[in-house]
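Source file: protein.txt; contents: compact mmCIF, C-alpha atoms and all ligand atoms.
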```txt
# COMPACT_ATOMS: atom_id res chain seq x y z
CA MET I 703 31.76 0.16 2.10
CA ASN I 704 33.09 0.68 -1.40
CA LEU I 705 31.56 0.24 -4.84
CA ASP I 706 33.08 -3.23 -5.33
CA GLU I 707 31.44 -4.48 -2.15
CA ILE I 708 28.14 -2.95 -3.27
CA ARG I 709 28.36 -4.64 -6.67
CA ALA I 710 29.12 -7.94 -4.97
CA LEU I 711 25.82 -7.62 -3.12
CA ASP I 712 23.98 -7.16 -6.42
CA LYS I 713 25.72 -10.19 -7.89
CA THR I 714 24.49 -12.48 -5.12
CA ASP I 715 21.00 -10.94 -4.93
CA PRO I 716 18.44 -13.72 -5.60
CA LEU I 717 15.98 -11.09 -6.89
CA ALA I 718 18.43 -9.40 -9.28
CA ASP I 719 16.74 -10.82 -12.39
CA LYS I 720 13.36 -9.42 -11.36
CA ARG I 721 14.63 -5.93 -12.19
CA LEU I 722 14.77 -6.98 -15.83
CA GLU I 723 11.00 -7.44 -15.77
CA PHE I 724 10.58 -3.69 -15.21
CA ASP I 725 10.89 -0.81 -17.61
CA LEU I 726 12.99 1.63 -15.59
CA PRO I 727 14.46 4.75 -17.18
CA LYS I 728 18.23 4.64 -17.53
CA ASP I 729 20.17 7.05 -15.29
CA VAL I 730 17.36 7.33 -12.80
CA VAL I 731 17.50 5.90 -9.30
CA TYR I 732 13.92 5.23 -8.37
CA LEU I 733 13.29 5.18 -4.62
CA ASP I 734 9.59 6.00 -4.73
CA GLY I 735 7.98 2.63 -5.44
CA ASN I 736 6.24 3.03 -2.08
CA SER I 737 4.20 5.79 -3.75
CA LEU I 738 3.96 4.60 -7.35
CA GLY I 739 5.40 1.26 -8.40
CA ALA I 740 7.49 1.03 -11.59
CA LEU I 741 6.10 -0.22 -14.90
CA PRO I 742 6.39 -3.99 -15.42
CA ARG I 743 7.35 -4.66 -19.06
CA ALA I 744 4.56 -7.21 -19.47
CA VAL I 745 1.97 -4.53 -18.72
CA LYS I 746 2.95 -2.60 -21.86
CA THR I 747 2.35 -5.49 -24.22
CA HIS I 748 -0.73 -6.73 -22.39
CA LEU I 749 -2.42 -3.32 -22.32
CA SER I 750 -1.90 -2.85 -26.01
CA GLN I 751 -3.54 -6.26 -26.54
CA VAL I 752 -6.42 -5.29 -24.21
CA LEU I 753 -6.92 -2.04 -26.11
CA CYS I 754 -6.49 -3.23 -29.68
CA GLN I 755 -7.81 -6.78 -29.57
CA GLN I 756 -10.14 -7.07 -26.60
CA TRP I 757 -11.74 -3.64 -26.70
CA GLY I 758 -11.01 -2.54 -30.28
CA ASN I 759 -11.85 -5.74 -32.07
CA ASP I 760 -13.83 -8.00 -29.77
CA LEU I 761 -15.84 -5.17 -28.25
CA ILE I 762 -18.56 -6.12 -25.80
CA LYS I 763 -18.04 -9.85 -26.38
CA SER I 764 -14.91 -9.49 -24.24
CA TRP I 765 -16.91 -9.44 -21.00
CA ASN I 766 -17.32 -13.17 -21.60
CA ASP I 767 -14.67 -14.08 -24.17
CA HIS I 768 -11.82 -12.41 -22.30
CA GLN I 769 -13.42 -12.88 -18.86
CA TRP I 770 -13.50 -9.16 -18.06
CA ILE I 771 -16.33 -9.90 -15.65
CA ASP I 772 -14.10 -12.18 -13.57
CA LEU I 773 -11.20 -9.72 -13.22
CA PRO I 774 -12.06 -8.48 -9.68
CA VAL I 775 -12.00 -12.03 -8.30
CA LYS I 776 -9.09 -13.18 -10.46
CA VAL I 777 -6.92 -10.23 -9.44
CA GLY I 778 -7.99 -10.60 -5.81
CA GLU I 779 -6.84 -14.22 -5.89
CA LYS I 780 -3.44 -13.14 -7.21
CA ILE I 781 -3.06 -10.61 -4.37
CA ALA I 782 -4.16 -13.12 -1.68
CA PRO I 783 -0.88 -15.06 -1.31
CA ILE I 784 1.09 -11.80 -1.08
CA ILE I 785 -0.89 -10.86 2.04
CA GLY I 786 -1.22 -14.29 3.61
CA ALA I 787 -4.85 -14.89 2.69
CA ALA I 788 -6.42 -18.16 1.58
CA SER I 789 -8.71 -18.22 -1.43
CA GLY I 790 -12.12 -16.53 -1.43
CA GLN I 791 -11.32 -13.61 0.85
CA VAL I 792 -9.75 -10.92 -1.36
CA ILE I 793 -11.34 -8.92 -4.14
CA CYS I 794 -9.96 -6.16 -6.33
CA CYS I 795 -12.25 -3.15 -6.62
CA ASP I 796 -12.61 0.61 -6.28
CA SER I 797 -10.06 2.67 -4.35
CA THR I 798 -8.62 2.11 -0.89
CA SER I 799 -10.69 5.04 0.42
CA VAL I 800 -13.95 3.65 -0.95
CA ASN I 801 -13.10 0.18 0.37
CA LEU I 802 -12.45 1.67 3.79
CA PHE I 803 -15.97 3.08 3.76
CA LYS I 804 -17.45 -0.32 2.93
CA LEU I 805 -15.46 -2.09 5.64
CA LEU I 806 -16.00 0.56 8.30
CA CYS I 807 -19.77 0.34 7.83
CA SER I 808 -19.63 -3.47 7.76
CA ALA I 809 -17.59 -3.70 10.95
CA LEU I 810 -19.70 -1.11 12.80
CA THR I 811 -22.83 -3.07 11.90
CA LEU I 812 -21.31 -6.31 13.17
CA ASN I 813 -20.43 -4.61 16.46
CA SER I 814 -23.52 -2.40 16.65
CA ASP I 815 -23.72 -2.21 20.44
CA ARG I 816 -20.53 -0.11 20.40
CA ASN I 817 -19.72 3.13 18.56
CA VAL I 818 -16.01 3.95 18.86
CA VAL I 819 -13.61 3.64 15.94
CA LEU I 820 -10.14 3.76 17.47
CA SER I 821 -7.28 4.89 15.27
CA THR I 822 -3.94 6.67 15.47
CA GLU I 823 -3.33 10.41 15.21
CA ASP I 824 -0.65 9.77 12.64
CA ASN I 825 -2.70 7.44 10.45
CA PHE I 826 -2.92 8.29 6.76
CA PRO I 827 -5.46 11.13 6.43
CA THR I 828 -7.85 9.30 4.10
CA ASP I 829 -8.39 6.60 6.74
CA LEU I 830 -9.35 9.23 9.28
CA TYR I 831 -11.39 11.26 6.81
CA MET I 832 -13.43 8.20 5.86
CA VAL I 833 -14.32 7.59 9.51
CA GLN I 834 -15.28 11.26 9.84
CA GLY I 835 -17.53 10.86 6.78
CA VAL I 836 -19.21 7.77 8.24
CA SER I 837 -19.64 9.64 11.51
CA ASP I 838 -21.30 12.58 9.73
CA LEU I 839 -23.59 10.18 7.89
CA LEU I 840 -24.61 7.93 10.78
CA GLY I 841 -24.22 10.36 13.66
CA GLU I 842 -21.81 10.27 16.60
CA ASP I 843 -24.06 7.81 18.45
CA LEU I 844 -23.20 5.16 15.90
CA CYS I 845 -19.69 6.18 14.89
CA HIS I 846 -17.31 8.15 17.03
CA LEU I 847 -13.65 8.54 16.04
CA GLN I 848 -11.12 8.31 18.87
CA LEU I 849 -7.50 9.09 18.08
CA VAL I 850 -4.50 8.01 20.12
CA ASP I 851 -0.76 8.05 19.77
CA GLU I 852 0.66 4.86 18.19
CA LYS I 853 2.32 3.91 21.45
CA ASP I 854 -0.99 4.12 23.38
CA ILE I 855 -3.09 1.80 21.23
CA GLN I 856 -3.01 -1.12 23.63
CA GLN I 857 -4.19 0.80 26.69
CA ASN I 858 -7.13 2.24 24.75
CA LEU I 859 -8.56 -1.10 23.68
CA THR I 860 -11.67 -0.90 25.83
CA GLU I 861 -15.12 -2.41 25.63
CA SER I 862 -16.61 0.69 24.02
CA VAL I 863 -14.41 0.26 20.94
CA ALA I 864 -16.21 -1.34 18.01
CA VAL I 865 -13.46 -1.11 15.41
CA LEU I 866 -9.71 -0.68 15.55
CA LEU I 867 -8.50 0.92 12.32
CA LEU I 868 -4.75 0.75 11.82
CA THR I 869 -2.27 1.19 9.02
CA GLN I 870 0.32 -1.53 9.49
CA VAL I 871 3.25 0.56 8.24
CA ASN I 872 3.16 4.26 9.05
CA PHE I 873 3.23 6.24 5.79
CA ARG I 874 5.63 8.85 7.14
CA THR I 875 8.04 7.06 9.46
CA GLY I 876 7.79 3.53 8.05
CA LYS I 877 7.29 2.17 11.59
CA SER I 878 5.38 -1.11 11.47
CA LEU I 879 2.84 -2.30 14.00
CA ASP I 880 2.65 -5.84 15.34
CA MET I 881 -0.39 -7.21 13.50
CA ALA I 882 -0.57 -10.53 15.36
CA LYS I 883 -0.33 -8.99 18.80
CA LEU I 884 -2.69 -6.05 18.26
CA THR I 885 -5.30 -8.18 16.50
CA GLN I 886 -5.23 -10.65 19.39
CA LEU I 887 -5.48 -7.91 22.03
CA ALA I 888 -8.38 -6.29 20.18
CA HIS I 889 -10.23 -9.58 19.82
CA ASP I 890 -9.82 -10.22 23.55
CA LYS I 891 -11.97 -7.10 24.06
CA GLY I 892 -14.47 -7.97 21.34
CA ILE I 893 -13.05 -5.39 18.90
CA LEU I 894 -12.93 -5.93 15.13
CA VAL I 895 -9.80 -4.79 13.31
CA ILE I 896 -9.37 -3.19 9.88
CA TRP I 897 -5.78 -3.20 8.64
CA ASP I 898 -4.66 -0.77 5.96
CA LEU I 899 -1.89 -2.55 4.06
CA ALA I 900 -1.02 0.32 1.71
CA HIS I 901 2.64 0.25 2.77
CA SER I 902 2.94 -3.43 3.60
CA ALA I 903 1.35 -5.42 0.74
CA GLY I 904 4.35 -6.41 -1.38
CA ALA I 905 6.82 -4.77 1.00
CA LEU I 906 7.04 -7.39 3.73
CA PRO I 907 5.45 -10.71 4.71
CA VAL I 908 1.84 -10.11 5.81
CA GLU I 909 -0.05 -12.98 7.42
CA LEU I 910 -3.71 -11.96 7.54
CA ASP I 911 -5.09 -15.47 8.06
CA GLN I 912 -2.47 -16.48 10.57
CA CYS I 913 -3.15 -13.31 12.58
CA GLU I 914 -6.90 -14.02 12.38
CA ALA I 915 -7.42 -10.57 10.91
CA ASP I 916 -11.00 -9.48 10.28
CA PHE I 917 -10.72 -6.96 7.46
CA ALA I 918 -8.02 -5.31 5.37
CA VAL I 919 -7.59 -2.87 2.50
CA GLY I 920 -4.65 -1.87 0.35
CA CYS I 921 -3.46 -0.07 -2.78
CA GLY I 922 -2.72 -1.59 -6.18
CA TYR I 923 -0.38 1.16 -7.33
CA LYS I 924 2.42 1.02 -4.76
CA TYR I 925 4.43 -2.20 -4.22
CA LEU I 926 1.99 -4.13 -6.44
CA ASN I 927 2.95 -2.00 -9.47
CA GLY I 928 -0.54 -1.73 -10.98
CA GLY I 929 -0.03 1.80 -12.35
CA PRO I 930 -1.23 5.27 -11.32
CA GLY I 931 -4.62 5.06 -9.62
CA ALA I 932 -4.74 1.28 -10.02
CA PRO I 933 -7.75 -0.37 -8.41
CA ALA I 934 -7.40 -1.31 -4.75
CA PHE I 935 -8.18 -4.53 -2.89
CA LEU I 936 -10.04 -5.55 0.21
CA TYR I 937 -10.00 -8.62 2.44
CA VAL I 938 -12.87 -10.01 4.48
CA ALA I 939 -12.20 -13.13 6.58
CA THR I 940 -14.39 -16.04 5.50
CA ARG I 941 -15.96 -16.29 8.97
CA HIS I 942 -17.49 -12.80 8.59
CA GLN I 943 -18.72 -13.04 5.03
CA GLU I 944 -22.21 -14.42 5.60
CA PHE I 945 -22.92 -11.90 8.39
CA VAL I 946 -21.65 -8.67 6.87
CA LYS I 947 -23.52 -6.25 4.69
CA GLN I 948 -21.75 -3.39 3.00
CA PRO I 949 -23.71 -0.24 2.17
CA LEU I 950 -22.54 0.48 -1.40
CA SER I 951 -25.00 -2.03 -2.78
CA GLY I 952 -24.29 -1.64 -6.46
CA TRP I 953 -25.40 -4.26 -8.94
CA MET I 954 -22.00 -5.98 -9.17
CA GLY I 955 -22.37 -7.04 -5.54
CA HIS I 956 -25.76 -8.61 -6.24
CA THR I 957 -25.99 -12.38 -6.12
CA ASN I 958 -27.09 -12.38 -9.77
CA PRO I 959 -26.48 -9.00 -11.46
CA PHE I 960 -27.79 -10.07 -14.84
CA ALA I 961 -31.16 -11.13 -13.43
CA PHE I 962 -31.85 -7.36 -13.24
CA ASP I 963 -33.95 -7.95 -10.19
CA THR I 964 -35.70 -4.94 -8.61
CA HIS I 965 -34.55 -5.88 -5.14
CA TYR I 966 -30.96 -5.99 -3.97
CA GLN I 967 -29.83 -9.34 -2.76
CA ALA I 968 -26.22 -9.31 -1.70
CA SER I 969 -23.93 -12.05 -2.86
CA SER I 970 -23.05 -14.21 0.14
CA ASN I 971 -19.34 -14.34 -0.65
CA ILE I 972 -16.57 -11.78 -1.22
CA ASN I 973 -18.35 -10.66 -4.41
CA GLN I 974 -20.78 -8.53 -2.41
CA PHE I 975 -17.92 -6.06 -1.84
CA GLN I 976 -17.96 -5.03 -5.47
CA CYS I 977 -20.11 -2.05 -6.31
CA GLY I 978 -20.23 -1.00 -9.97
CA THR I 979 -18.65 -2.07 -13.25
CA PRO I 980 -14.94 -2.78 -12.83
CA SER I 981 -12.41 -0.52 -14.51
CA VAL I 982 -11.24 -3.13 -17.00
CA ILE I 983 -8.22 -1.40 -18.51
CA ALA I 984 -6.76 -0.42 -15.15
CA MET I 985 -7.50 -3.82 -13.65
CA SER I 986 -5.93 -5.58 -16.62
CA ALA I 987 -2.71 -3.67 -15.94
CA LEU I 988 -2.71 -4.76 -12.30
CA ASP I 989 -3.59 -8.32 -13.32
CA VAL I 990 -0.45 -8.68 -15.42
CA ALA I 991 1.72 -6.65 -13.03
CA LEU I 992 0.98 -9.24 -10.37
CA ASP I 993 2.54 -11.99 -12.49
CA VAL I 994 5.94 -10.57 -11.53
CA TRP I 995 5.25 -12.01 -8.06
CA ARG I 996 5.18 -15.61 -9.33
CA ASN I 997 7.83 -17.65 -7.50
CA VAL I 998 8.71 -14.75 -5.21
CA ASP I 999 8.95 -15.60 -1.55
CA MET I 1000 8.00 -12.75 0.79
CA LEU I 1001 10.83 -13.64 3.17
CA THR I 1002 13.30 -13.05 0.33
CA ILE I 1003 11.63 -9.69 -0.26
CA GLN I 1004 11.99 -8.81 3.41
CA THR I 1005 15.61 -9.93 3.61
CA LYS I 1006 16.54 -7.76 0.65
CA SER I 1007 14.48 -4.83 1.91
CA VAL I 1008 16.33 -4.91 5.23
CA ALA I 1009 19.70 -5.26 3.49
CA LEU I 1010 18.98 -2.29 1.21
CA SER I 1011 17.98 -0.04 4.07
CA GLN I 1012 20.91 -1.15 6.25
CA VAL I 1013 23.35 -0.40 3.42
CA PHE I 1014 21.66 2.98 2.98
CA LEU I 1015 22.16 3.78 6.68
CA ARG I 1016 25.76 2.54 6.68
CA LEU I 1017 26.62 4.70 3.69
CA MET I 1018 24.88 7.67 5.32
CA GLN I 1019 27.11 7.21 8.36
CA GLN I 1020 30.18 7.36 6.14
CA HIS I 1021 29.17 10.94 5.32
CA GLN I 1022 29.19 13.01 8.48
CA PRO I 1023 27.96 16.25 6.80
CA LEU I 1024 24.62 14.53 6.30
CA ASP I 1025 24.06 14.68 10.04
CA ASP I 1026 21.41 17.37 9.59
CA LEU I 1027 19.13 14.69 8.22
CA THR I 1028 17.57 13.02 11.24
CA LEU I 1029 16.32 9.46 10.95
CA CYS I 1030 12.60 9.23 11.84
CA SER I 1031 12.21 5.53 11.06
CA PRO I 1032 12.91 2.91 13.72
CA VAL I 1033 16.61 2.01 13.95
CA ASP I 1034 15.65 -1.63 14.39
CA ALA I 1035 14.96 -2.95 10.88
CA LYS I 1036 12.45 -5.49 12.27
CA GLN I 1037 10.22 -2.60 13.29
CA ARG I 1038 9.94 -0.90 9.94
CA GLY I 1039 8.44 -1.40 6.53
CA SER I 1040 10.44 -0.94 3.33
CA GLN I 1041 11.29 2.74 3.61
CA LEU I 1042 13.48 5.17 5.52
CA ALA I 1043 12.33 8.65 6.45
CA PHE I 1044 14.49 11.58 7.52
CA SER I 1045 13.45 14.96 8.81
CA HIS I 1046 15.14 18.19 7.77
CA ASN I 1047 13.97 21.80 7.72
CA ASP I 1048 14.63 21.88 3.98
CA ALA I 1049 13.37 18.37 3.25
CA TYR I 1050 11.20 19.53 0.35
CA ALA I 1051 14.02 21.43 -1.37
CA ILE I 1052 16.48 18.55 -0.86
CA CYS I 1053 13.98 16.18 -2.40
CA GLN I 1054 13.48 18.44 -5.42
CA ALA I 1055 17.24 18.82 -5.91
CA LEU I 1056 17.66 15.03 -5.73
CA ILE I 1057 14.96 14.57 -8.36
CA GLU I 1058 16.68 17.06 -10.67
CA LYS I 1059 19.85 14.97 -10.29
CA GLY I 1060 18.03 11.74 -11.14
CA VAL I 1061 17.29 10.31 -7.69
CA ILE I 1062 13.57 10.09 -7.12
CA ALA I 1063 12.43 10.12 -3.50
CA ASP I 1064 9.46 11.97 -2.05
CA PHE I 1065 8.52 14.54 0.53
CA ARG I 1066 5.82 14.27 3.17
CA ALA I 1067 4.68 17.33 5.09
CA PRO I 1068 5.70 18.80 7.38
CA ASN I 1069 9.43 18.04 7.03
CA MET I 1070 10.18 14.49 5.89
CA ILE I 1071 11.97 12.99 2.97
CA ARG I 1072 11.18 9.32 2.27
CA PHE I 1073 13.34 6.77 0.48
CA GLY I 1074 11.40 3.67 -0.53
CA PHE I 1075 13.07 0.34 -1.28
CA THR I 1076 11.26 -1.98 -3.63
CA PRO I 1077 13.20 -5.26 -3.47
CA LEU I 1078 11.89 -6.44 -6.85
CA TYR I 1079 13.79 -3.73 -8.69
CA THR I 1080 15.91 -1.60 -6.33
CA SER I 1081 19.59 -2.56 -6.57
CA PHE I 1082 22.35 -2.01 -4.07
CA GLU I 1083 24.09 0.16 -6.65
CA ASP I 1084 20.95 2.33 -6.72
CA VAL I 1085 21.45 2.92 -3.02
CA TRP I 1086 25.11 3.77 -3.58
CA ARG I 1087 24.23 6.29 -6.28
CA ALA I 1088 21.43 7.78 -4.18
CA ILE I 1089 23.74 8.39 -1.23
CA ASN I 1090 26.43 9.95 -3.41
CA THR I 1091 23.88 12.27 -4.96
CA LEU I 1092 22.44 13.12 -1.56
CA ARG I 1093 25.93 13.96 -0.34
CA ASP I 1094 26.53 16.23 -3.35
CA VAL I 1095 23.19 17.99 -2.91
CA VAL I 1096 23.69 18.58 0.81
CA GLU I 1097 27.41 19.43 0.80
CA SER I 1098 27.18 21.81 -2.13
CA LYS I 1099 24.00 23.33 -0.67
CA LEU I 1100 22.50 23.00 -4.13
CA TYR I 1101 19.07 22.53 -2.55
CA GLN I 1102 19.12 26.16 -1.38
CA ALA I 1103 18.54 27.34 -4.94
CA GLN I 1104 15.25 29.18 -5.25
CA ARG I 1105 13.86 26.81 -7.90
CA PHE I 1106 13.70 23.93 -5.39
CA LYS I 1107 11.51 25.86 -2.97
CA VAL I 1108 8.44 26.20 -5.14
CA ALA I 1109 5.90 23.66 -3.90
CA ALA I 1110 4.29 21.56 -6.64
CA LYS I 1111 0.67 20.42 -6.37
CA VAL I 1112 1.71 16.80 -5.79
CA THR I 1113 4.64 16.17 -3.47
C1 LIG Y 1201 -1.99 4.26 4.32
C2 LIG Y 1201 -2.67 4.73 3.08
N1 LIG Y 1201 -3.98 4.46 2.89
C3 LIG Y 1201 -4.61 4.87 1.77
C4 LIG Y 1201 -3.96 5.57 0.80
C5 LIG Y 1201 -4.61 6.09 -0.46
O1 LIG Y 1201 -5.90 5.72 -0.67
P1 LIG Y 1201 -6.53 5.95 -2.13
O2 LIG Y 1201 -5.87 4.98 -3.04
O3 LIG Y 1201 -7.97 5.75 -1.93
O4 LIG Y 1201 -6.18 7.34 -2.57
C6 LIG Y 1201 -2.59 5.85 0.94
C7 LIG Y 1201 -1.88 6.61 -0.12
O5 LIG Y 1201 -0.73 6.85 -0.09
C8 LIG Y 1201 -1.95 5.43 2.11
O6 LIG Y 1201 -0.65 5.71 2.30
```
Go through the file and emit its structure as structure tokens.
Amino acid sequence: MNLDEIRALDKTDPLADKRLEFDLPKDVVYLDGNSLGALPRAVKTHLSQVLCQQWGNDLIKSWNDHQWIDLPVKVGEKIAPIIGAASGQVICCDSTSVNLFKLLCSALTLNSDRNVVLSTEDNFPTDLYMVQGVSDLLGEDLCHLQLVDEKDIQQNLTESVAVLLLTQVNFRTGKSLDMAKLTQLAHDKGILVIWDLAHSAGALPVELDQCEADFAVGCGYKYLNGGPGAPAFLYVATRHQEFVKQPLSGWMGHTNPFAFDTHYQASSNINQFQCGTPSVIAMSALDVALDVWRNVDMLTIQTKSVALSQVFLRLMQQHQPLDDLTLCSPVDAKQRGSQLAFSHNDAYAICQALIEKGVIADFRAPNMIRFGFTPLYTSFEDVWRAINTLRDVVESKLYQAQRFKVAAKVT
């Protein structure tokens, strides 16, 4: 492929104009939106209005006048169509880790005659750590973590499993799991499923309702572009809402917080999954960031995501010296999320050298470099530039310079 062919792809890209809605630095190729989404331009103006007008001028009146109090539900409703959820099932609150705690406890209580939480060895650590925390709190008799290889999930769906906890798209390899099939198989054995959508919400079509999912969580700061540490979301299927009870019974989950009642009475709808006062400034950023998704069809997102990654792989193949980088993501685009991962003994140093040359990817221990494609703002020319830079870095052995070997706190 040559640059003219690449530019032709950008010209016919139906999402090309979406890039203009983001504030991306010139001369940087950003392939890390799977870790931290880029800044939507509208967030800048809206946040300054939230700070100066809503907080600065209108002060506490803004809880009502600017509907701060409704933000968790309002933002949840904006996320819902992106993950295939009908109204009333998604709320924006807390972090993904905290939401996992709430949902793990809820699901274990619903399935209280069983104690196993089944998950994968390669799941994102916070998912596993949260189960370990619940296990320490409740005791092994009520919560026992069982870990299996991704390929062995199906054969371990037994009648002692209470909860299946899976991340749909593996954070390292980008391999995606079949949500419809695994949810169905789990339900056949009476198992409830919690899906972590950190690497799928906004990256590919997710159909929670259609798959009859029970519970889900996900991040606001990756493909949803809500900003660093943006609040997360959670999903609880309507059919479970009147039977579940989550343990972080803060006043915002009360049926009537401003009654200041002595006794906790959980709201009967998705509101009970809130805990304390929402982080208004952060949630306002996510609120406006989600407007970029108006009129965006998730199939268009997926088509472009696949095209970007296929072009990336084709261009890689044009450069034989890059053979040392071994693809760890599935070759079949239908089986992966919106990223490609490669292993290399010097993956960290290569990643640092790329960043110095203006191509931002990231490293995941022990030896992987990840390239994330965010169809809203990644262009085909970005991919072209990234591959050329990668070729320069590898062929010139620039990455072997000592300065690229010093591990930073955040990789
Ligand atoms: C699969 C998965 N779950 C959860 C998280 C993070 O959770 P939190 O936002 O609570 O830090 C990440 C972060 O990258 C992730 O990849």
Review point. Using only C-alpha atoms, which residues sit within 8 Å of Phe935 of chain I once same-chain residues fewer than 3 positions away are excluded, as a VMD selection string?
Key: chain I and resid 778 792 to 798 801 919 to 922
**Study point:** Non-local contacts of segment 827-833 of chain I (7 Å; all atoms listed in the file; under 4 positions in same chain excluded) as a PyMOL selection string
**Key:** chain I and resi 799+802-803+837+847
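Atom CA of Leu887 of chain I lies 18.2 Å from atom CA of Leu812 of chain I.
With atom C4 of ligand LIG 1201 (chain Y) on one side and atom CA of Gln1004 of chain I on the other, the separation reads 21.6 Å.
Among I:Val836, I:Ala991, I:Leu1100, I:Leu805, the residue with the shortest atom-to-atom distance to Ile972 of chain I, counting all atoms listed in the file, is I:Leu805.
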Quick one: axis-aligned box around all listed atoms of ligand LIG 1201 (chain Y), 6 Å on every side, centre and edge lengths in Å to one decimal, written as JSON.
```
{"center_x": -4.3, "center_y": 5.8, "center_z": 0.6, "size_x": 19.3, "size_y": 15.1, "size_z": 19.4}
```
